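upload-v9.cif (mmCIF, C-alpha atoms and all ligand atoms)
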data_work
loop_
_atom_site.group_PDB
_atom_site.id
_atom_site.type_symbol
_atom_site.label_atom_id
_atom_site.label_comp_id
_atom_site.auth_asym_id
_atom_site.auth_seq_id
_atom_site.Cartn_x
_atom_site.Cartn_y
_atom_site.Cartn_z
ATOM 1 C CA MET A 1 -12.044 -14.791 -1.778
ATOM 2 C CA ALA A 2 -8.485 -14.655 -0.529
ATOM 3 C CA GLN A 3 -8.319 -15.336 3.214
ATOM 4 C CA TYR A 4 -6.914 -11.844 3.822
ATOM 5 C CA ALA A 5 -7.970 -8.960 1.583
ATOM 6 C CA GLY A 6 -8.953 -5.309 1.696
ATOM 7 C CA PHE A 7 -8.453 -2.637 4.348
ATOM 8 C CA CYS A 8 -5.602 -3.232 6.769
ATOM 9 C CA LYS A 9 -5.774 -1.898 10.330
ATOM 10 C CA GLY A 10 -3.408 1.012 9.595
ATOM 11 C CA VAL A 11 -5.456 2.274 6.665
ATOM 12 C CA LYS A 12 -8.737 1.822 8.518
ATOM 13 C CA ARG A 13 -7.393 3.748 11.496
ATOM 14 C CA ALA A 14 -6.219 6.647 9.285
ATOM 15 C CA ILE A 15 -9.558 6.824 7.453
ATOM 16 C CA ASP A 16 -11.535 6.748 10.719
ATOM 17 C CA THR A 17 -9.282 9.433 12.205
ATOM 18 C CA ALA A 18 -9.701 11.748 9.201
ATOM 19 C CA LYS A 19 -13.452 11.161 9.233
ATOM 20 C CA ASP A 20 -13.694 11.926 12.972
ATOM 21 C CA ILE A 21 -11.658 15.122 12.629
ATOM 22 C CA GLY A 22 -13.748 16.206 9.632
ATOM 23 C CA ASN A 23 -16.930 15.490 11.565
ATOM 24 C CA GLU A 24 -15.774 17.339 14.644
ATOM 25 C CA TYR A 25 -14.302 20.454 13.016
ATOM 26 C CA GLY A 26 -16.172 20.518 9.712
ATOM 27 C CA LYS A 27 -12.918 20.331 7.775
ATOM 28 C CA ALA A 28 -9.549 18.627 7.739
ATOM 29 C CA LEU A 29 -6.710 18.258 5.278
ATOM 30 C CA THR A 30 -4.511 15.251 4.712
ATOM 31 C CA LEU A 31 -0.960 15.636 3.446
ATOM 32 C CA GLY A 32 -1.407 13.805 0.155
ATOM 33 C CA PRO A 33 -4.512 11.679 -0.529
ATOM 34 C CA ILE A 34 -5.423 9.626 2.555
ATOM 35 C CA VAL A 35 -4.914 6.394 0.585
ATOM 36 C CA HIS A 36 -4.322 5.651 -3.059
ATOM 37 C CA ASN A 37 -7.970 5.051 -3.736
ATOM 38 C CA GLN A 38 -10.287 7.657 -5.246
ATOM 39 C CA PHE A 39 -13.423 6.028 -3.805
ATOM 40 C CA VAL A 40 -12.116 6.574 -0.280
ATOM 41 C CA VAL A 41 -11.015 10.139 -1.088
ATOM 42 C CA ASP A 42 -14.516 10.912 -2.429
ATOM 43 C CA TYR A 43 -16.141 9.267 0.589
ATOM 44 C CA LEU A 44 -14.133 11.416 3.014
ATOM 45 C CA ALA A 45 -14.923 14.592 1.065
ATOM 46 C CA GLN A 46 -18.485 14.285 2.441
ATOM 47 C CA PHE A 47 -17.032 14.856 5.912
ATOM 48 C CA GLY A 48 -15.070 17.916 4.841
ATOM 49 C CA VAL A 49 -11.786 16.049 4.446
ATOM 50 C CA GLY A 50 -9.637 17.275 1.590
ATOM 51 C CA ALA A 51 -5.962 16.961 0.747
ATOM 52 C CA ILE A 52 -2.973 19.110 -0.069
ATOM 53 C CA ASP A 53 -0.191 17.637 -2.141
ATOM 54 C CA SER A 54 2.627 18.404 0.238
ATOM 55 C CA ILE A 55 3.823 20.531 3.091
ATOM 56 C CA ASP A 56 4.949 23.109 0.505
ATOM 57 C CA TYR A 57 1.315 24.186 0.233
ATOM 58 C CA LEU A 58 0.859 24.769 3.964
ATOM 59 C CA ASP A 59 1.015 28.542 3.426
ATOM 60 C CA GLN A 60 -2.217 28.354 1.487
ATOM 61 C CA VAL A 61 -4.070 26.471 4.227
ATOM 62 C CA GLU A 62 -6.691 28.459 6.145
ATOM 63 C CA LYS A 63 -5.949 28.947 9.828
ATOM 64 C CA ASN A 64 -7.594 26.467 12.218
ATOM 65 C CA THR A 65 -7.651 23.684 9.664
ATOM 66 C CA ALA A 66 -6.429 20.456 11.211
ATOM 67 C CA ILE A 67 -3.834 18.535 9.262
ATOM 68 C CA VAL A 68 -4.058 14.746 9.297
ATOM 69 C CA LEU A 69 -0.877 12.804 8.695
ATOM 70 C CA ARG A 70 -1.903 9.718 6.743
ATOM 71 C CA SER A 71 -0.886 6.108 7.389
ATOM 72 C CA HIS A 72 2.130 6.316 5.008
ATOM 73 C CA GLY A 73 3.941 8.592 7.469
ATOM 74 C CA VAL A 74 6.173 11.607 6.874
ATOM 75 C CA GLY A 75 9.780 12.575 7.500
ATOM 76 C CA LYS A 76 11.108 14.395 10.550
ATOM 77 C CA ALA A 77 11.272 17.748 8.735
ATOM 78 C CA VAL A 78 7.483 17.739 8.316
ATOM 79 C CA TYR A 79 6.906 17.291 12.080
ATOM 80 C CA ASP A 80 9.507 19.990 12.762
ATOM 81 C CA ARG A 81 7.746 22.433 10.467
ATOM 82 C CA LEU A 82 4.283 21.684 11.884
ATOM 83 C CA GLU A 83 5.600 22.190 15.421
ATOM 84 C CA LYS A 84 7.537 25.334 14.530
ATOM 85 C CA GLU A 85 4.563 26.942 12.858
ATOM 86 C CA GLN A 86 2.246 25.642 15.599
ATOM 87 C CA ILE A 87 -0.068 24.020 13.096
ATOM 88 C CA GLN A 88 -2.653 21.665 14.609
ATOM 89 C CA TYR A 89 -2.177 18.160 13.378
ATOM 90 C CA VAL A 90 -3.326 14.649 14.107
ATOM 91 C CA ASP A 91 -0.875 11.866 13.494
ATOM 92 C CA ALA A 92 -2.541 8.866 11.838
ATOM 93 C CA THR A 93 0.750 7.316 10.726
ATOM 94 C CA CYS A 94 0.467 3.544 10.917
ATOM 95 C CA PRO A 95 2.318 2.299 14.036
ATOM 96 C CA PHE A 96 4.203 -0.203 11.862
ATOM 97 C CA VAL A 97 5.504 2.612 9.671
ATOM 98 C CA LYS A 98 6.435 4.583 12.805
ATOM 99 C CA ALA A 99 8.508 1.617 13.919
ATOM 100 C CA VAL A 100 10.489 1.830 10.653
ATOM 101 C CA HIS A 101 11.010 5.580 11.242
ATOM 102 C CA LYS A 102 12.462 4.794 14.667
ATOM 103 C CA LEU A 103 14.871 2.209 13.280
ATOM 104 C CA ALA A 104 16.011 4.517 10.483
ATOM 105 C CA TYR A 105 16.430 7.511 12.797
ATOM 106 C CA LYS A 106 18.321 5.524 15.438
ATOM 107 C CA ALA A 107 20.715 4.154 12.820
ATOM 108 C CA TYR A 108 21.185 7.599 11.281
ATOM 109 C CA THR A 109 21.923 9.262 14.618
ATOM 110 C CA GLU A 110 24.377 6.444 15.420
ATOM 111 C CA ASN A 111 26.281 7.329 12.252
ATOM 112 C CA LYS A 112 25.276 4.232 10.362
ATOM 113 C CA ASP A 113 24.338 3.944 6.708
ATOM 114 C CA VAL A 114 20.654 3.275 6.177
ATOM 115 C CA ILE A 115 19.357 1.293 3.218
ATOM 116 C CA ILE A 116 15.636 1.199 2.501
ATOM 117 C CA VAL A 117 14.284 -1.563 0.285
ATOM 118 C CA GLY A 118 11.382 0.060 -1.521
ATOM 119 C CA ASP A 119 10.132 2.343 -4.215
ATOM 120 C CA PRO A 120 11.937 5.721 -4.049
ATOM 121 C CA THR A 121 8.885 7.562 -5.366
ATOM 122 C CA HIS A 122 6.449 6.121 -2.806
ATOM 123 C CA PRO A 123 5.405 8.506 0.000
ATOM 124 C CA GLU A 124 6.149 5.928 2.687
ATOM 125 C CA VAL A 125 9.738 5.576 1.459
ATOM 126 C CA ILE A 126 10.121 9.358 1.122
ATOM 127 C CA GLY A 127 8.961 9.606 4.757
ATOM 128 C CA ILE A 128 11.407 6.935 5.998
ATOM 129 C CA LEU A 129 14.245 8.576 4.075
ATOM 130 C CA GLY A 130 13.339 11.837 5.799
ATOM 131 C CA TRP A 131 14.337 10.255 9.120
ATOM 132 C CA THR A 132 17.869 9.904 7.744
ATOM 133 C CA ASP A 133 17.913 13.543 6.668
ATOM 134 C CA ASN A 134 17.630 12.144 3.139
ATOM 135 C CA LYS A 135 21.082 10.574 3.513
ATOM 136 C CA GLY A 136 19.900 6.951 3.281
ATOM 137 C CA TYR A 137 19.922 4.815 0.139
ATOM 138 C CA VAL A 138 16.844 3.347 -1.519
ATOM 139 C CA LEU A 139 17.008 0.084 -3.433
ATOM 140 C CA LYS A 140 14.018 -0.780 -5.566
ATOM 141 C CA ASN A 141 15.486 -4.039 -6.855
ATOM 142 C CA ALA A 142 18.664 -6.098 -6.688
ATOM 143 C CA ASP A 143 19.998 -4.410 -9.849
ATOM 144 C CA ASN A 144 20.230 -1.117 -7.951
ATOM 145 C CA ILE A 145 22.841 -2.576 -5.564
ATOM 146 C CA LYS A 146 25.610 -1.910 -8.069
ATOM 147 C CA ASP A 147 24.780 1.821 -7.922
ATOM 148 C CA LEU A 148 25.524 2.059 -4.185
ATOM 149 C CA PRO A 149 28.647 4.027 -3.290
ATOM 150 C CA LYS A 150 31.343 2.325 -1.218
ATOM 151 C CA LEU A 151 29.852 1.931 2.271
ATOM 152 C CA ASN A 152 32.419 1.702 5.077
ATOM 153 C CA ARG A 153 30.215 2.359 8.092
ATOM 154 C CA ASP A 154 27.848 -0.097 9.761
ATOM 155 C CA ILE A 155 24.750 -0.644 7.649
ATOM 156 C CA VAL A 156 21.120 -0.973 8.703
ATOM 157 C CA VAL A 157 18.572 -2.231 6.186
ATOM 158 C CA VAL A 158 14.809 -1.725 6.515
ATOM 159 C CA ALA A 159 11.907 -2.380 4.155
ATOM 160 C CA GLN A 160 8.970 -0.389 2.862
ATOM 161 C CA THR A 161 6.123 -2.150 4.676
ATOM 162 C CA THR A 162 4.449 -3.269 1.431
ATOM 163 C CA GLN A 163 7.473 -4.942 -0.183
ATOM 164 C CA THR A 164 7.197 -8.477 -1.496
ATOM 165 C CA ASP A 165 9.103 -11.124 0.459
ATOM 166 C CA GLU A 166 10.714 -12.161 -2.829
ATOM 167 C CA ASN A 167 12.275 -8.739 -3.521
ATOM 168 C CA TRP A 168 13.302 -8.282 0.114
ATOM 169 C CA LYS A 169 15.069 -11.652 0.240
ATOM 170 C CA GLU A 170 16.812 -11.175 -3.076
ATOM 171 C CA ILE A 171 18.180 -7.758 -2.084
ATOM 172 C CA THR A 172 19.123 -8.559 1.519
ATOM 173 C CA ASN A 173 20.786 -11.879 0.603
ATOM 174 C CA THR A 174 22.953 -10.087 -1.958
ATOM 175 C CA LEU A 175 23.781 -7.300 0.506
ATOM 176 C CA LYS A 176 24.748 -9.845 3.177
ATOM 177 C CA ASP A 177 27.160 -11.456 0.712
ATOM 178 C CA LEU A 178 28.732 -8.069 0.003
ATOM 179 C CA TYR A 179 28.913 -6.598 3.510
ATOM 180 C CA SER A 180 29.710 -8.115 6.901
ATOM 181 C CA ASN A 181 28.907 -4.976 8.910
ATOM 182 C CA ILE A 182 25.221 -5.190 8.133
ATOM 183 C CA LYS A 183 22.037 -5.597 10.172
ATOM 184 C CA VAL A 184 18.749 -6.265 8.396
ATOM 185 C CA TYR A 185 15.322 -5.580 9.878
ATOM 186 C CA ASN A 186 12.487 -7.144 7.951
ATOM 187 C CA THR A 187 9.869 -4.435 8.411
ATOM 188 C CA ILE A 188 7.433 -5.809 5.851
ATOM 189 C CA CYS A 189 4.072 -5.511 7.574
ATOM 190 C CA LYS A 190 2.241 -8.701 8.558
ATOM 191 C CA ALA A 191 -0.903 -7.443 6.815
ATOM 192 C CA THR A 192 1.119 -7.200 3.599
ATOM 193 C CA SER A 193 2.667 -10.673 3.842
ATOM 194 C CA GLU A 194 -0.655 -12.226 4.858
ATOM 195 C CA ARG A 195 -2.412 -10.632 1.883
ATOM 196 C CA GLN A 196 0.354 -11.660 -0.480
ATOM 197 C CA SER A 197 0.577 -15.286 0.650
ATOM 198 C CA ALA A 198 -3.226 -15.645 0.696
ATOM 199 C CA ALA A 199 -3.292 -14.244 -2.866
ATOM 200 C CA ILE A 200 -0.540 -16.665 -3.950
ATOM 201 C CA ASP A 201 -2.417 -19.651 -2.454
ATOM 202 C CA LEU A 202 -5.601 -18.633 -4.226
ATOM 203 C CA ALA A 203 -3.911 -17.842 -7.562
ATOM 204 C CA LYS A 204 -2.576 -21.410 -7.649
ATOM 205 C CA GLU A 205 -6.108 -22.829 -7.525
ATOM 206 C CA VAL A 206 -8.122 -20.642 -9.875
ATOM 207 C CA ASP A 207 -8.477 -19.905 -13.595
ATOM 208 C CA LEU A 208 -8.585 -16.158 -13.171
ATOM 209 C CA MET A 209 -7.593 -13.696 -10.463
ATOM 210 C CA LEU A 210 -9.241 -10.333 -9.957
ATOM 211 C CA VAL A 211 -7.167 -7.955 -7.848
ATOM 212 C CA VAL A 212 -9.237 -5.004 -6.693
ATOM 213 C CA GLY A 213 -7.536 -1.692 -5.997
ATOM 214 C CA SER A 214 -6.206 1.476 -7.487
ATOM 215 C CA GLN A 215 -3.531 1.456 -10.194
ATOM 216 C CA SER A 216 -1.597 3.869 -7.993
ATOM 217 C CA SER A 217 -1.743 1.637 -4.905
ATOM 218 C CA SER A 218 1.656 0.073 -4.324
ATOM 219 C CA ASN A 219 0.399 -2.886 -2.284
ATOM 220 C CA THR A 220 -2.386 -3.640 -4.801
ATOM 221 C CA MET A 221 0.094 -3.670 -7.677
ATOM 222 C CA LYS A 222 2.295 -6.068 -5.738
ATOM 223 C CA LEU A 223 -0.674 -8.371 -5.113
ATOM 224 C CA ALA A 224 -1.316 -8.426 -8.872
ATOM 225 C CA LYS A 225 2.359 -9.133 -9.470
ATOM 226 C CA VAL A 226 2.530 -12.116 -7.100
ATOM 227 C CA CYS A 227 -0.650 -13.563 -8.656
ATOM 228 C CA ASN A 228 0.805 -13.112 -12.128
ATOM 229 C CA ASN A 229 4.001 -14.829 -11.007
ATOM 230 C CA GLN A 230 1.913 -17.908 -10.161
ATOM 231 C CA GLY A 231 0.891 -18.048 -13.818
ATOM 232 C CA ALA A 232 -2.719 -17.073 -13.088
ATOM 233 C CA THR A 233 -4.454 -14.832 -15.605
ATOM 234 C CA THR A 234 -4.680 -11.708 -13.483
ATOM 235 C CA TYR A 235 -6.583 -8.485 -13.931
ATOM 236 C CA GLN A 236 -6.157 -5.517 -11.613
ATOM 237 C CA ILE A 237 -9.399 -3.574 -11.484
ATOM 238 C CA GLU A 238 -10.451 -0.468 -9.598
ATOM 239 C CA SER A 239 -14.152 -1.313 -9.403
ATOM 240 C CA VAL A 240 -16.975 -3.272 -11.064
ATOM 241 C CA ALA A 241 -16.819 -0.798 -13.946
ATOM 242 C CA ASP A 242 -13.537 -2.394 -15.124
ATOM 243 C CA ILE A 243 -14.882 -5.954 -15.286
ATOM 244 C CA ASN A 244 -15.044 -7.346 -18.805
ATOM 245 C CA LYS A 245 -17.726 -9.959 -19.427
ATOM 246 C CA ASN A 246 -15.501 -11.717 -21.958
ATOM 247 C CA TRP A 247 -13.056 -12.787 -19.240
ATOM 248 C CA PHE A 248 -15.512 -15.399 -18.004
ATOM 249 C CA PHE A 249 -16.158 -18.882 -19.361
ATOM 250 C CA LYS A 250 -18.172 -21.891 -18.328
ATOM 251 C CA ASN A 251 -17.281 -23.754 -15.109
ATOM 252 C CA MET A 252 -14.324 -21.544 -14.395
ATOM 253 C CA THR A 253 -13.116 -20.560 -10.949
ATOM 254 C CA VAL A 254 -12.389 -16.937 -10.190
ATOM 255 C CA GLY A 255 -10.282 -15.810 -7.247
ATOM 256 C CA ILE A 256 -10.671 -12.347 -5.784
ATOM 257 C CA THR A 257 -8.381 -10.320 -3.584
ATOM 258 C CA ALA A 258 -8.023 -6.631 -2.776
ATOM 259 C CA GLY A 259 -5.336 -4.182 -1.736
ATOM 260 C CA ALA A 260 -5.111 -2.720 1.768
ATOM 261 C CA SER A 261 -6.580 0.581 0.554
ATOM 262 C CA THR A 262 -9.625 -0.936 -1.140
ATOM 263 C CA PRO A 263 -12.910 -0.238 0.655
ATOM 264 C CA ASP A 264 -15.256 -3.117 1.523
ATOM 265 C CA TRP A 265 -18.140 -1.711 -0.476
ATOM 266 C CA VAL A 266 -16.072 -1.691 -3.702
ATOM 267 C CA LEU A 267 -14.951 -5.255 -3.028
ATOM 268 C CA LYS A 268 -18.521 -6.439 -2.324
ATOM 269 C CA GLU A 269 -19.756 -5.014 -5.629
ATOM 270 C CA VAL A 270 -16.992 -6.844 -7.490
ATOM 271 C CA ILE A 271 -17.841 -10.151 -5.785
ATOM 272 C CA GLN A 272 -21.527 -9.726 -6.568
ATOM 273 C CA MET A 273 -20.948 -8.812 -10.211
ATOM 274 C CA THR A 274 -18.489 -11.691 -10.681
ATOM 275 C CA GLU A 275 -20.995 -14.177 -9.262
ATOM 276 C CA GLU A 276 -23.718 -12.801 -11.542
ATOM 277 C CA LEU A 277 -21.517 -13.010 -14.631
ATOM 278 C CA LEU A 278 -20.363 -16.543 -13.814
ATOM 279 C CA ASN A 279 -23.989 -17.653 -13.363
ATOM 280 C CA GLU A 280 -24.912 -15.966 -16.638
ATOM 281 C CA VAL A 281 -22.113 -17.721 -18.558
ATOM 282 C CA ASN A 282 -22.976 -21.106 -17.061
ATOM 283 C CA ASP A 283 -26.705 -20.637 -17.780
ATOM 284 C CA LEU A 284 -26.006 -19.550 -21.342
ATOM 285 C CA LYS A 285 -23.978 -22.684 -22.014
ATOM 286 C CA LYS A 286 -26.794 -24.843 -20.651
ATOM 287 C CA ILE A 287 -29.316 -23.115 -22.916
ATOM 288 C CA GLU A 288 -27.021 -23.642 -25.931
ATOM 289 C CA LYS A 289 -26.935 -27.338 -25.104
ATOM 290 C CA GLY A 290 -30.720 -27.415 -24.816
ATOM 291 C CA GLU A 291 -30.626 -28.123 -21.090
ATOM 292 C CA VAL A 292 -33.590 -26.922 -19.040
ATOM 293 C CA LEU A 293 -32.659 -24.308 -16.454
HETATM 294 FE FE1 LIG B 1 0.166 -0.282 8.343
HETATM 295 FE FE2 LIG B 1 0.654 -2.569 7.296
HETATM 296 FE FE3 LIG B 1 -1.464 -1.289 6.600
HETATM 297 S S1 LIG B 1 2.107 -0.981 7.651
HETATM 298 S S2 LIG B 1 -0.910 0.824 6.788
HETATM 299 S S3 LIG B 1 -1.040 -2.129 8.636
HETATM 300 S S4 LIG B 1 -0.173 -2.479 5.237
#
Rendering of file as structure tokens:
Amino acid sequence: MAQYAGFCKGVKRAIDTAKDIGNEYGKALTLGPIVHNQFVVDYLAQFGVGAIDSIDYLDQVEKNTAIVLRSHGVGKAVYDRLEKEQIQYVDATCPFVKAVHKLAYKAYTENKDVIIVGDPTHPEVIGILGWTDNKGYVLKNADNIKDLPKLNRDIVVVAQTTQTDENWKEITNTLKDLYSNIKVYNTICKATSERQSAAIDLAKEVDLMLVVGSQSSSNTMKLAKVCNNQGATTYQIESVADINKNWFFKNMTVGITAGASTPDWVLKEVIQMTEELLNEVNDLKKIEKGEVL
């Protein structure tokens, strides 16, 4: 197992909050799925927690239904609308994401240009951008730098909390070469860097890496990417159901890690199944050689 894997504090806090609200009021709605993991979404459904895709569907929400803002955070306009329409909400935005909102909003209100290093389609980035009134710029990779318009004002750069250090460094180093009026704030969350470096360390030592988490989870995909970059054969799986027996061979070492939105029970099942399959393969080889088990 990687030293750090699975639920981060921010995700755990958001899940617990949604569960508590569901338990207390019998129902709650998150703006977008609580995390990018169907197992967690299904688990919370038992407590009356559902989801609406976006604030655009608020009109269809029954009165007295509490809205839970998930750990990814939302833009200022969403808070403004909730307040204006006096809709009850509970803010489970991760404090680390909130800190990025503050930086982006401060820079925007000080008339600075804001650059966000991240995936423009990810809800966290959409939320951060919302604190610049959608006037900031999002760079997914260093190639996107050439598409920036001419920036004459002071520049503030922040990161989506789940970025890889590699991408962040590449982009910010290039930006620093291009602009002198620039301030960079590395807002990559510690939980993300810890999970990524633990995954890298493990990937270096093993024959195969299993990365557990949803295909739509940004931080899980990045874990798989950093493991792949180490040259380890890497499979990203959502649960035990995706494990293929043929991946395993005698005396191999398998490393396992999991994204921040992957629940413990899914991870435990994967560990158990992997151990069983490895034992099976090793036993089978012994039998073929005529060794007594
Ligand atoms: Fe928060 Fe970091 Fe998790 S930003 S949601 S603790 S990955």
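Nearest-residue note for A:Ser197: choosing from A:Gln88, A:Ala258, A:Ile155, A:Ala2, the minimum distance belongs to A:Ala2, counting all atoms listed in the file.
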Taking the file above as input, evaluate the PyMOL selection byres (((chain A and resi 17) around 10) and not hetatm) and report the hits as number ranges by chain. A: 11-16, 18-23, 68-70, 90-92
Same residues, C-alpha atoms, saved as a short mmCIF file (atom, residue, chain, number, x, y, z; two decimals), keeping the file's coordinate frame:
data_model
loop_
_atom_site.label_atom_id
_atom_site.label_comp_id
_atom_site.auth_asym_id
_atom_site.auth_seq_id
_atom_site.Cartn_x
_atom_site.Cartn_y
_atom_site.Cartn_z
CA VAL A 11 -5.46 2.27 6.66
CA LYS A 12 -8.74 1.82 8.52
CA ARG A 13 -7.39 3.75 11.50
CA ALA A 14 -6.22 6.65 9.28
CA ILE A 15 -9.56 6.82 7.45
CA ASP A 16 -11.54 6.75 10.72
CA ALA A 18 -9.70 11.75 9.20
CA LYS A 19 -13.45 11.16 9.23
CA ASP A 20 -13.69 11.93 12.97
CA ILE A 21 -11.66 15.12 12.63
CA GLY A 22 -13.75 16.21 9.63
CA ASN A 23 -16.93 15.49 11.56
CA VAL A 68 -4.06 14.75 9.30
CA LEU A 69 -0.88 12.80 8.70
CA ARG A 70 -1.90 9.72 6.74
CA VAL A 90 -3.33 14.65 14.11
CA ASP A 91 -0.88 11.87 13.49
CA ALA A 92 -2.54 8.87 11.84
#
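Interatomic distance, atom CA of A:Val100 against atom CA of A:Val41: 25.9 Å.
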On this structure, the PyMOL selection byres (((chain A and resi 223-239) around 6) and not hetatm) would catch which residues? List them as a CSV table (one decimal) with C-alpha atoms, in the coordinates of the input, sorted by chain and number.
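Dumped everything to part16.csv:
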chain,number,residue,atom,x,y,z
A,196,GLN,CA,0.4,-11.7,-0.5
A,200,ILE,CA,-0.5,-16.7,-4.0
A,203,ALA,CA,-3.9,-17.8,-7.6
A,208,LEU,CA,-8.6,-16.2,-13.2
A,209,MET,CA,-7.6,-13.7,-10.5
A,210,LEU,CA,-9.2,-10.3,-10.0
A,211,VAL,CA,-7.2,-8.0,-7.8
A,212,VAL,CA,-9.2,-5.0,-6.7
A,213,GLY,CA,-7.5,-1.7,-6.0
A,214,SER,CA,-6.2,1.5,-7.5
A,220,THR,CA,-2.4,-3.6,-4.8
A,221,MET,CA,0.1,-3.7,-7.7
A,222,LYS,CA,2.3,-6.1,-5.7
A,240,VAL,CA,-17.0,-3.3,-11.1
A,241,ALA,CA,-16.8,-0.8,-13.9
A,242,ASP,CA,-13.5,-2.4,-15.1
Apply the PyMOL selection byres (((not hetatm)) within 8 of (chain B and resi 1)) to the structure shown and report the selected residues as a ChimeraX atom specification. /A:7-11,71-72,93-97,161-162,188-192,219,260
Do you have the atom CA of A:Ile67-atom CA of A:Leu31 distance handy? 7.1 Å
From the set A:Ile55, A:Val266, A:Lys106, A:Lys150, which residue has the shortest atom-to-atom contact distance to A:Tyr137, counting all atoms listed in the file? A:Lys150
Residue with the minimum atom-to-atom distance to A:Thr257, picked from A:Lys245, A:Lys289, A:Arg195, A:Lys84 with only C-alpha atoms counted, is A:Arg195
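Comparing A:Ile271, A:Ala142, A:Val206, A:Leu277 by their smallest distance to A:Gly255, the closest is A:Val206 (using only C-alpha atoms).
The neighbours of A:Asp264 here are the residues that come within 10 Å of it, using all atoms listed in the file and leaving out any residue fewer than 3 positions away in the same chain; they are A:Ala5, A:Gly6, A:Phe7, A:Ala258, A:Ser261, A:Leu267, A:Lys268, A:Glu269, A:Val270.
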